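Written below as structure tokens is the structure these notes are about.
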Amino acid sequence: MSRYINSIDEETIVKILLAYLRDELSHRDIQREILGLPAPTNGGGFIAMDILHHFNIYGKKKGILKKRQLSDELQISEGNYKVALKKLTEYINAEKEAQQCIENGDYSYSSKSTELTTETKVRINQNVLRNHILKNYNYQCALCDINKSDLLICSHIKPWAIDPDNRLNPTNAICFCVLHDRLFDRGYFGLNDHYEVIFSTKSDESERKLLKDSIFKIPKDFPPDPEFLRYHLNEICKR
Ligand SMILES: [Zn+2]
């Protein structure tokens, strides 16, 4: 029994499986890049290895999904390895379905998968929308020049929990950097119908100075819906 498996969420497990079975990453690289843990040259990567072993995944499976279709590999698998491949299959399907739903304008999608947890399904939707939004905003904050993807956030205008019908709606999301996301999310400022910055009473000199010359870069596709912006101004950005 793995010592680490229970402390790792399902989404991370899926990422580890893909990294090893498809992308041929080493244990050390998986440990560093996916688990965010140090992996020294000598003996590094044993946590990633321990997790893979839990699913009966050993050296000869490295890169197997480059040579063989996932569905074929699933058919000939057994035990914990089959469990892992089933999870992986449902994850990939749920991602594809969410993408399809955005394209079809069905924004309330939630996967029917019985293999994945609710948290994972939520994360899949958030990831798919995030990818869509970052691309739509050319991988740059709508208010400043920040363009590093690990500093960019897919910011919801009307909160996720409140409006399940618009969870995947690209016009209910904006690409902001971490700072602008936080200021928007906490109601320091909002945007009017012309995408101009409007301050709330929470903002004092420092926030106003930071934002006063900012111009919102309106994306070509899926600009924020003024109806959501008005909701945000009235309910979150109190003036
Ligand atoms: Zn910014």
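Residues in the structure tokens are numbered from 1 in each chain, the chains being A, B, ... in the order shown, and ligands are numbered from 1 in the order shown.
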**Request:** as an NGL selection string, please: all residues of segment 11-137 of chain A that backbone DSSP puts in helix (DSSP H, G or I).
**Result:** :A and (11-21 or 27-33 or 46-54 or 59-61 or 64-67 or 70-75 or 79-104 or 118-136)
Residues near segment 74-83 of chain A, cut-off 8 Å, only C-alpha atoms, skip fewer than 4 positions along chain, as a short mmCIF file (atom, residue, chain, number, x, y, z; two decimals) with N, CA and C atoms, in the first residue's frame:
```cif
data_model
loop_
_atom_site.label_atom_id
_atom_site.label_comp_id
_atom_site.auth_asym_id
_atom_site.auth_seq_id
_atom_site.Cartn_x
_atom_site.Cartn_y
_atom_site.Cartn_z
N HIS A 54 1.66 1.97 -6.84
CA HIS A 54 0.35 1.67 -6.27
C HIS A 54 -0.62 1.20 -7.36
N PHE A 55 -0.46 1.75 -8.56
CA PHE A 55 -1.32 1.36 -9.69
C PHE A 55 -0.67 0.28 -10.55
N ASN A 56 0.30 -0.42 -9.98
CA ASN A 56 1.02 -1.47 -10.72
C ASN A 56 1.67 -0.96 -12.00
N ILE A 57 2.14 0.26 -11.94
CA ILE A 57 2.80 0.84 -13.12
C ILE A 57 4.31 0.83 -12.89
N LEU A 70 -5.45 4.32 -25.57
CA LEU A 70 -5.89 4.16 -24.19
C LEU A 70 -6.98 3.09 -24.07
N LYS A 87 -10.20 5.74 -14.74
CA LYS A 87 -10.25 7.13 -14.26
C LYS A 87 -9.73 8.08 -15.33
#
```
Using 8 Å as the limit and counting only C-alpha atoms and all ligand atoms, can you tabulate each residue of chain A that touches ligand 1, with its shortest atom-to-atom distance in Å and the two atoms involved, as a tab-separated table?
```
residue	atom	partner	partner_atom_place_in_ligand_line	distance
A:Gln140	CA	ligand 1	1 (Zn)	7.9
A:Cys141	CA	ligand 1	1 (Zn)	4.7
A:Ala142	CA	ligand 1	1 (Zn)	6.5
A:Leu143	CA	ligand 1	1 (Zn)	4.9
A:Cys144	CA	ligand 1	1 (Zn)	4.1
A:Asp145	CA	ligand 1	1 (Zn)	6.5
A:Ile146	CA	ligand 1	1 (Zn)	5.8
A:Phe176	CA	ligand 1	1 (Zn)	5.3
A:Cys177	CA	ligand 1	1 (Zn)	4.1
A:Val178	CA	ligand 1	1 (Zn)	6.9
A:Leu179	CA	ligand 1	1 (Zn)	6.2
A:His180	CA	ligand 1	1 (Zn)	4.9
A:Asp181	CA	ligand 1	1 (Zn)	7.5
```
**Asked** So which one's closest to Asn6 of chain A, A:Asp50, A:Leu21, A:Phe189, A:Arg182? Using only C-alpha atoms, please.
**Response**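 That would be A:Asp50, the residue with the smallest distance to Asn6 of chain A.
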Return as a tab-separated table the residues of segment 146-225 of chain A lying at most 9 Å from segment 96-117 of chain A, together with the closest atom-to-atom pair for each and the distance in Å to one decimal, counting only C-alpha atoms, with rows in chain order and ascending residue number.
```
residue	atom	partner	partner_atom	distance
A:Asp163	CA	A:Ser108	CA	9.0
A:Pro164	CA	A:Ser108	CA	5.9
A:Asp165	CA	A:Ser108	CA	4.3
A:Asn166	CA	A:Tyr107	CA	5.1
A:Arg167	CA	A:Tyr107	CA	5.9
A:Leu168	CA	A:Tyr107	CA	4.4
A:Asn169	CA	A:Tyr107	CA	5.2
A:Pro170	CA	A:Ile102	CA	7.7
```
**Prompt:** So how far away is atom CA of Trp160 of chain A from atom CA of Ser214 of chain A, in Å?
**Reply:**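 Rounded to one decimal, the two atoms are 26.1 Å apart.
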**Asked** Which one of A:Asn93, A:Arg123, A:Tyr231, A:Arg239 sits closest to Asp9 of chain A if you count only C-alpha atoms?
**Response**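 Comparing A:Asn93, A:Arg123, A:Tyr231, A:Arg239 against Asp9 of chain A, the winner is A:Arg123.
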**Spatial neighbours of His156 of chain A, max dist 7 Å, only C-alpha atoms, sep filter under 6 positions, as number ranges by chain** = A: 172-174
Please produce a file of the residues just selected, as an mmCIF file, in the first residue's frame, where the atoms kept are C-alpha atoms.
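Here's the written file selection.cif:
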```cif
data_model
loop_
_atom_site.group_PDB
_atom_site.id
_atom_site.type_symbol
_atom_site.label_atom_id
_atom_site.label_comp_id
_atom_site.auth_asym_id
_atom_site.auth_seq_id
_atom_site.Cartn_x
_atom_site.Cartn_y
_atom_site.Cartn_z
ATOM 1 C CA ASN A 172 -18.912 35.451 -17.524
ATOM 2 C CA ALA A 173 -15.136 35.323 -17.172
ATOM 3 C CA ILE A 174 -12.152 37.641 -17.594
#
```
**Request:** Determine, counting only C-alpha atoms, which protein, DNA and RNA residues have an atom within 10 Å of an atom of segment 218-229 of chain A; residues of the same chain fewer than 4 positions away are not included. Present the result as a PyMOL selection string.
**Result:** chain A and resi 133+135-138+142-143+156-159+169-175+190-195+233-235+237
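Distances from A:Phe216, A:Phe199, A:Tyr20, A:Tyr139 to Leu65 of chain A were compared using only C-alpha atoms, and the smallest one belongs to A:Tyr20.
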Check segment 5-237 of chain A with DSSP on the backbone and list each residue it calls strand (DSSP E), as a PDB file with N, CA and C atoms, in the first residue's frame.
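What landed in states_24.pdb:
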```
ATOM      1  N   LEU A 152      -1.659  34.276 -14.254  1.00  0.00           N
ATOM      2  CA  LEU A 152      -2.961  34.642 -14.825  1.00  0.00           C
ATOM      3  C   LEU A 152      -4.086  33.781 -14.236  1.00  0.00           C
ATOM      4  N   ILE A 153      -5.227  34.412 -14.050  1.00  0.00           N
ATOM      5  CA  ILE A 153      -6.381  33.765 -13.426  1.00  0.00           C
ATOM      6  C   ILE A 153      -7.583  33.905 -14.364  1.00  0.00           C
ATOM      7  N   CYS A 154      -8.395  32.858 -14.416  1.00  0.00           N
ATOM      8  CA  CYS A 154      -9.683  32.966 -15.092  1.00  0.00           C
ATOM      9  C   CYS A 154     -10.679  33.422 -14.033  1.00  0.00           C
ATOM     10  N   SER A 155     -11.005  34.711 -14.079  1.00  0.00           N
ATOM     11  CA  SER A 155     -11.786  35.333 -13.019  1.00  0.00           C
ATOM     12  C   SER A 155     -13.270  35.303 -13.374  1.00  0.00           C
ATOM     13  N   HIS A 156     -14.085  34.781 -12.486  1.00  0.00           N
ATOM     14  CA  HIS A 156     -15.529  34.768 -12.754  1.00  0.00           C
ATOM     15  C   HIS A 156     -16.139  36.109 -12.393  1.00  0.00           C
ATOM     16  N   ALA A 173     -16.494  35.467 -17.697  1.00  0.00           N
ATOM     17  CA  ALA A 173     -15.136  35.323 -17.172  1.00  0.00           C
ATOM     18  C   ALA A 173     -14.187  36.308 -17.840  1.00  0.00           C
ATOM     19  N   ILE A 174     -13.162  36.702 -17.087  1.00  0.00           N
ATOM     20  CA  ILE A 174     -12.152  37.641 -17.594  1.00  0.00           C
ATOM     21  C   ILE A 174     -10.778  37.090 -17.229  1.00  0.00           C
ATOM     22  N   CYS A 175      -9.815  37.288 -18.104  1.00  0.00           N
ATOM     23  CA  CYS A 175      -8.437  36.913 -17.788  1.00  0.00           C
ATOM     24  C   CYS A 175      -7.750  38.088 -17.088  1.00  0.00           C
ATOM     25  N   PHE A 176      -7.462  37.904 -15.803  1.00  0.00           N
ATOM     26  CA  PHE A 176      -6.753  38.917 -15.024  1.00  0.00           C
ATOM     27  C   PHE A 176      -5.469  38.322 -14.454  1.00  0.00           C
ATOM     28  N   CYS A 177      -4.502  39.193 -14.120  1.00  0.00           N
ATOM     29  CA  CYS A 177      -3.351  38.729 -13.353  1.00  0.00           C
ATOM     30  C   CYS A 177      -3.812  38.525 -11.907  1.00  0.00           C
ATOM     31  N   PHE A 189     -12.985  47.152  -7.360  1.00  0.00           N
ATOM     32  CA  PHE A 189     -13.416  47.861  -8.563  1.00  0.00           C
ATOM     33  C   PHE A 189     -14.316  46.946  -9.386  1.00  0.00           C
ATOM     34  N   GLY A 190     -15.067  47.584 -10.298  1.00  0.00           N
ATOM     35  CA  GLY A 190     -15.876  46.832 -11.250  1.00  0.00           C
ATOM     36  C   GLY A 190     -15.715  47.466 -12.613  1.00  0.00           C
ATOM     37  N   LEU A 191     -16.485  46.995 -13.569  1.00  0.00           N
ATOM     38  CA  LEU A 191     -16.441  47.575 -14.916  1.00  0.00           C
ATOM     39  C   LEU A 191     -17.854  47.949 -15.328  1.00  0.00           C
ATOM     40  N   VAL A 197     -13.161  51.287 -15.683  1.00  0.00           N
ATOM     41  CA  VAL A 197     -12.971  50.914 -14.278  1.00  0.00           C
ATOM     42  C   VAL A 197     -13.803  51.825 -13.374  1.00  0.00           C
ATOM     43  N   ILE A 198     -14.600  51.211 -12.504  1.00  0.00           N
ATOM     44  CA  ILE A 198     -15.416  51.941 -11.524  1.00  0.00           C
ATOM     45  C   ILE A 198     -14.972  51.496 -10.128  1.00  0.00           C
ATOM     46  N   PHE A 199     -14.616  52.462  -9.283  1.00  0.00           N
ATOM     47  CA  PHE A 199     -14.124  52.103  -7.946  1.00  0.00           C
ATOM     48  C   PHE A 199     -15.258  51.959  -6.953  1.00  0.00           C
TER      49      PHE A 199
END
```
**Request:** Tell me which protein, DNA and RNA residues are within 10 Å of Lys66 of chain A, counting only C-alpha atoms, leaving out same-chain ones fewer than 6 positions away, and put them as a ChimeraX atom specification.
**Result:** /A:21-24
**Item:** Which residue of A:Lys217, A:Leu210, A:Ile34, A:Ile236 approaches Gly187 of chain A most closely, using only C-alpha atoms
**Value:** A:Ile236
**Message:** Applying 10 Å and only C-alpha atoms, which residues near segment 12-14 of chain A remain after dropping the ones on its own chain fewer than 3 positions away? List them as a PyMOL selection string.
**Reply:** chain A and resi 5+8-9+17-19+34-35+48+51-52+84-85+87-89+91-92+120
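Across the structure, atom CA of Ser7 of chain A and atom CA of Lys86 of chain A are spaced 20.3 Å apart.
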